[in-house]
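Working notes, beginning with the structure itself.
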Amino acid sequence: MSGVRPGTRHYTLVCSSCGTRYADDGLLLDCPRGHEPAFLRTEYDGTGTRVGEGTGLFRYAPLLPVARSFPDVPGPVVLPAERLGRRIGLDRLWVAFNGHWPERGAQLPTCTFKDLEAYTVLGRLPADPPVLVIPSAGNTAAAFAWAAGRHRVPCLLVVPAPALERMRFPAPLDPCVRLVVLEGTATYSDAIACADLLAQLPGHHAEGGARNVGRRDGLGTVIPAAAEELGRLPETYVQAVGSGTGAIGAHETARRLRTGDEALPRLLMCQNTPFTPLYDAWRETGPAPAHREHEPLARELTNRRPPFTVRGGVRDVLGESGGAVRCTDNESALAAMALFEEVEGIDIEPGAGVALAALADAVRAGQVRRDELVLLNITGGGRARQAHDLTLIPAEPWLRVPWPGRDTGPLYVAEQVQRLLTGAGSVVVAEGR
């Protein structure tokens, strides 16, 4: 990998269930002991400063599970939002803006907070990594494609066809980045199922999603960024969620940063009806039908397998923080997107619109007090502004695969990928292996 500064690992991985401690190899995703599903979490060395020198994401390297850093990687930007707060009934609203808004210091290259996780995951890897296999609804793939291509880290990205609209970059992608596009009716959940098989190919490895401590801690950097601006932790943290990885990461980071008897931020997770598996699980109302996955405006939030019951997962962090899950519909999300652009002068993504709409509903319902110190994570924004500022080039897929359906699709995709990799060799992956 180019453009990195090798270093020693300043942290230990700890199992959330049994407490077993592990030295990290940069790839470990799970505790191998036989117990309930449980996240590994990071425990950082030392009791000194939690913020390094300089600017950008790697200013927070003492709170990131990385063995190396990359130069010139922007970080989250935390800003007061008094006018927006007044419009929805809040006196102390702040936003963590993750996107492209140059005059406010926001310069994330692919316009969402997925850039934070991508660079952290890459910084965690060993010196000679396998090919990372990463499914995505679009934003994660864009972040990994750009970061991995810039630093020559091989990865295989699997996305449904609508995700291609997010895959536009200032330059062509490096050949080390291979983009597999599922045509037809395939969804994000189908991309996940395909990636599970593709990760079994020789020389390939699952990136891991929420199980990867790099993802959670990278996304969690919005909390130290906010604490620097606020002088304390926020009382409530609001974010749109698909898997809940970012909200879990924010909670884990807040737990490391809090001092004395300071309360943890109350998590308000937001989902987009009608596909709301985390809301349904929290309310115990049963899962939404899978066929409704196409209907939400914010398709990046449509994860059919969120880590709700995993030890250290969504249920645990909601309980520990006294949090809640709210949902909102497409019409409300669109209105919230328009409101943010009207008041702040910058476009935001559908997921961020979902979070703003759900927060406004929570204020009206009395779930959030008017005087509460609230941090709203604008998880993506400025995409239209970036398209105006820069000449962007659409990504060229490495492979397009017609989607034959959920029953046979993953194995079919795996066969096509392996044939392209090996020049029509025999299939080495099998369903359920």
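Convention: chains lettered A, B, ... in structure tokens order; per-chain residue numbering from 1; ligands numbered from 1 as shown.
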Residues near region 374-389 of chain A, cut-off 8 Å, only C-alpha atoms, skip fewer than 4 positions along chain, as a ChimeraX atom specification: /A:92-101,110-113,222,226,234-240,346-349,351-352,355-356
All strand (DSSP E or B) positions in region 204-289 of chain A, as a ChimeraX atom specification: /A:204-206,236-240,266-272
Near-Asp174 (chain A) list (8 Å; only C-alpha atoms; drop same-chain fewer than 6 positions) as a PyMOL selection string: chain A and resi 149-150+152
Take the residues that were just selected and, keeping N, CA and C atoms, output them as a PDB file, in the first residue's frame.
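Output saved as out30.pdb:
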ATOM      1  N   GLY A 149      -8.656   2.574  -4.217  1.00  0.00           N
ATOM      2  CA  GLY A 149      -7.991   2.857  -5.482  1.00  0.00           C
ATOM      3  C   GLY A 149      -6.845   3.828  -5.328  1.00  0.00           C
ATOM      4  N   ARG A 150      -7.026   4.836  -4.504  1.00  0.00           N
ATOM      5  CA  ARG A 150      -5.961   5.829  -4.295  1.00  0.00           C
ATOM      6  C   ARG A 150      -4.735   5.201  -3.656  1.00  0.00           C
ATOM      7  N   ARG A 152      -4.051   1.727  -3.566  1.00  0.00           N
ATOM      8  CA  ARG A 152      -3.700   0.425  -4.150  1.00  0.00           C
ATOM      9  C   ARG A 152      -3.999  -0.741  -3.206  1.00  0.00           C
TER      10      ARG A 152
END
Selection near Val14 (chain A), 12 Å with only C-alpha atoms, sequence-local residues under 6 positions removed, as a ChimeraX atom specification: /A:20-24,28-32,38-44,213,312
d(CA of Leu392 (chain A), CA of Tyr188 (chain A)) in Å: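 Interatomic distance, CA of Leu392 (chain A) to CA of Tyr188 (chain A): 24.1 Å.
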Surrounding residues of Pro74 (chain A) excluding itself and chain neighbours under 3 positions, 8 Å, only C-alpha atoms, as a ChimeraX atom specification: /A:55-57,106-108
Given the selection you just returned, output its residues as a file containing C-alpha atoms, formatted as a PDB file, in the first residue's frame.
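Generated file (out21.pdb):
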ATOM      1  CA  THR A  55      -6.423  17.943  11.082  1.00  0.00           C
ATOM      2  CA  GLY A  56      -8.716  15.450   9.412  1.00  0.00           C
ATOM      3  CA  LEU A  57      -9.739  11.906  10.261  1.00  0.00           C
ATOM      4  CA  ALA A 106     -16.431  19.657   4.837  1.00  0.00           C
ATOM      5  CA  GLN A 107     -14.438  17.856   2.136  1.00  0.00           C
ATOM      6  CA  LEU A 108     -15.299  14.148   2.337  1.00  0.00           C
TER       7      LEU A 108
END
Kindly assemble as a Markdown table a list of the region 127-164 of chain A residues that lie within 6 Å of region 179-186 of chain A, each paired with its nearest atom pair and their distance in Å to one decimal, using only C-alpha atoms, sorted first by chain and then by ascending residue number.
| residue | atom | partner | partner_atom | distance |
| --- | --- | --- | --- | --- |
| A:Leu157 | CA | A:Leu179 | CA | 4.9 |
| A:Val158 | CA | A:Val180 | CA | 4.8 |
| A:Val159 | CA | A:Val181 | CA | 5.2 |
| A:Pro160 | CA | A:Leu182 | CA | 4.7 |
| A:Ala161 | CA | A:Glu183 | CA | 5.2 |
Using N, CA and C atoms, can you export the residues from the last selection as a PDB file, in the first residue's frame?
ATOM      1  N   LEU A 157     -16.159  -5.125  -4.886  1.00  0.00           N
ATOM      2  CA  LEU A 157     -17.372  -4.468  -4.421  1.00  0.00           C
ATOM      3  C   LEU A 157     -18.583  -5.064  -5.125  1.00  0.00           C
ATOM      4  N   VAL A 158     -19.628  -5.368  -4.379  1.00  0.00           N
ATOM      5  CA  VAL A 158     -20.846  -5.960  -4.940  1.00  0.00           C
ATOM      6  C   VAL A 158     -22.008  -5.024  -4.645  1.00  0.00           C
ATOM      7  N   VAL A 159     -22.680  -4.541  -5.700  1.00  0.00           N
ATOM      8  CA  VAL A 159     -23.751  -3.566  -5.522  1.00  0.00           C
ATOM      9  C   VAL A 159     -24.932  -3.894  -6.430  1.00  0.00           C
ATOM     10  N   PRO A 160     -26.162  -3.561  -6.022  1.00  0.00           N
ATOM     11  CA  PRO A 160     -27.300  -3.609  -6.944  1.00  0.00           C
ATOM     12  C   PRO A 160     -27.179  -2.469  -7.952  1.00  0.00           C
ATOM     13  N   ALA A 161     -27.797  -2.630  -9.114  1.00  0.00           N
ATOM     14  CA  ALA A 161     -27.634  -1.667 -10.214  1.00  0.00           C
ATOM     15  C   ALA A 161     -27.948  -0.216  -9.829  1.00  0.00           C
TER      16      ALA A 161
END
Residues within 12 Å of Gly244 (chain A), only C-alpha atoms, excluding chain neighbours under 6 positions, as an MDAnalysis selection string: chainID A and resid 209:211 215:216 219:220 238 250:251 267:271 276:279 300:310 312:318 325
Resulting file, chosen residues, N, CA and C atoms, as a compact mmCIF listing (two decimals), in the first residue's frame:
# COMPACT_ATOMS: atom_id res chain seq x y z
N GLY A 209 -18.46 -5.61 7.59
CA GLY A 209 -19.56 -4.73 7.97
C GLY A 209 -19.48 -4.30 9.42
N ALA A 210 -20.59 -4.41 10.13
CA ALA A 210 -20.65 -3.97 11.52
C ALA A 210 -19.70 -4.74 12.42
N ARG A 211 -19.30 -5.95 12.00
CA ARG A 211 -18.38 -6.75 12.82
C ARG A 211 -16.96 -6.21 12.79
N ARG A 215 -14.79 -0.13 11.04
CA ARG A 215 -16.00 0.58 10.62
C ARG A 215 -16.60 1.36 11.78
N ARG A 216 -16.83 0.67 12.89
CA ARG A 216 -17.54 1.30 14.00
C ARG A 216 -16.73 2.47 14.57
N LEU A 219 -16.57 5.53 12.09
CA LEU A 219 -17.81 6.30 12.10
C LEU A 219 -17.99 7.03 13.43
N GLY A 220 -17.44 6.45 14.50
CA GLY A 220 -17.57 7.05 15.82
C GLY A 220 -16.79 8.32 16.01
N VAL A 238 -28.53 11.77 17.08
CA VAL A 238 -29.57 11.38 16.13
C VAL A 238 -28.92 10.95 14.82
N ALA A 250 -20.79 5.38 17.49
CA ALA A 250 -20.88 6.62 18.26
C ALA A 250 -21.02 6.31 19.75
N HIS A 251 -21.83 5.32 20.07
CA HIS A 251 -22.03 4.94 21.47
C HIS A 251 -20.74 4.41 22.08
N LEU A 267 -29.30 7.66 22.27
CA LEU A 267 -29.33 7.38 20.84
C LEU A 267 -30.75 7.46 20.31
N LEU A 268 -30.93 8.22 19.24
CA LEU A 268 -32.20 8.23 18.52
C LEU A 268 -31.89 7.73 17.11
N MET A 269 -32.22 6.48 16.85
CA MET A 269 -31.99 5.87 15.54
C MET A 269 -33.24 6.04 14.68
N CYS A 270 -33.03 6.32 13.39
CA CYS A 270 -34.15 6.68 12.52
C CYS A 270 -34.17 5.79 11.29
N GLN A 271 -35.37 5.29 10.94
CA GLN A 271 -35.51 4.45 9.76
C GLN A 271 -36.61 4.98 8.85
N THR A 276 -38.45 -1.14 7.89
CA THR A 276 -37.92 -0.67 9.16
C THR A 276 -37.61 -1.83 10.11
N PRO A 277 -36.66 -2.69 9.77
CA PRO A 277 -36.42 -3.87 10.61
C PRO A 277 -35.96 -3.55 12.03
N LEU A 278 -35.15 -2.51 12.20
CA LEU A 278 -34.70 -2.18 13.56
C LEU A 278 -35.84 -1.58 14.38
N TYR A 279 -36.65 -0.74 13.78
CA TYR A 279 -37.83 -0.19 14.46
C TYR A 279 -38.77 -1.32 14.85
N GLU A 300 -30.12 3.23 1.08
CA GLU A 300 -28.92 2.87 1.82
C GLU A 300 -29.26 2.36 3.22
N LEU A 301 -30.51 2.55 3.66
CA LEU A 301 -30.93 2.11 4.98
C LEU A 301 -31.60 0.74 4.97
N THR A 302 -31.65 0.07 3.81
CA THR A 302 -32.42 -1.17 3.71
C THR A 302 -31.52 -2.38 3.94
N ASN A 303 -31.22 -2.66 5.17
CA ASN A 303 -30.45 -3.84 5.55
C ASN A 303 -31.39 -4.83 6.23
N ARG A 304 -31.55 -6.02 5.61
CA ARG A 304 -32.48 -7.01 6.17
C ARG A 304 -31.90 -7.78 7.34
N ARG A 305 -30.58 -7.65 7.56
CA ARG A 305 -29.95 -8.41 8.64
C ARG A 305 -29.16 -7.49 9.57
N PRO A 306 -29.80 -6.50 10.17
CA PRO A 306 -29.07 -5.62 11.08
C PRO A 306 -28.70 -6.37 12.36
N PRO A 307 -27.58 -5.97 13.00
CA PRO A 307 -27.11 -6.68 14.20
C PRO A 307 -27.88 -6.25 15.44
N PHE A 308 -29.12 -6.68 15.54
CA PHE A 308 -29.96 -6.24 16.64
C PHE A 308 -29.67 -7.01 17.92
N THR A 309 -29.65 -8.34 17.85
CA THR A 309 -29.50 -9.15 19.06
C THR A 309 -28.06 -9.53 19.35
N VAL A 310 -27.11 -9.21 18.50
CA VAL A 310 -25.70 -9.49 18.75
C VAL A 310 -25.28 -8.80 20.04
N GLY A 312 -23.46 -6.49 22.25
CA GLY A 312 -22.79 -5.26 21.86
C GLY A 312 -23.42 -4.57 20.67
N GLY A 313 -24.53 -5.14 20.17
CA GLY A 313 -25.19 -4.60 18.98
C GLY A 313 -26.27 -3.59 19.31
N VAL A 314 -27.22 -3.45 18.39
CA VAL A 314 -28.21 -2.36 18.48
C VAL A 314 -29.03 -2.42 19.76
N ARG A 315 -29.55 -3.58 20.09
CA ARG A 315 -30.40 -3.68 21.29
C ARG A 315 -29.64 -3.26 22.54
N ASP A 316 -28.39 -3.69 22.65
CA ASP A 316 -27.61 -3.36 23.84
C ASP A 316 -27.32 -1.87 23.94
N VAL A 317 -26.93 -1.23 22.82
CA VAL A 317 -26.57 0.19 22.92
C VAL A 317 -27.81 1.06 23.10
N LEU A 318 -28.94 0.65 22.54
CA LEU A 318 -30.18 1.38 22.80
C LEU A 318 -30.54 1.30 24.28
N VAL A 325 -35.94 4.12 18.71
CA VAL A 325 -35.94 4.06 17.25
C VAL A 325 -37.23 4.71 16.77
Sel. of alpha helix (DSSP H) residues, region 82-312 of chain A, as a PyMOL selection string: chain A and resi 82-88+114-124+139-150+188-198+213-219+222-230+245-257+277-283
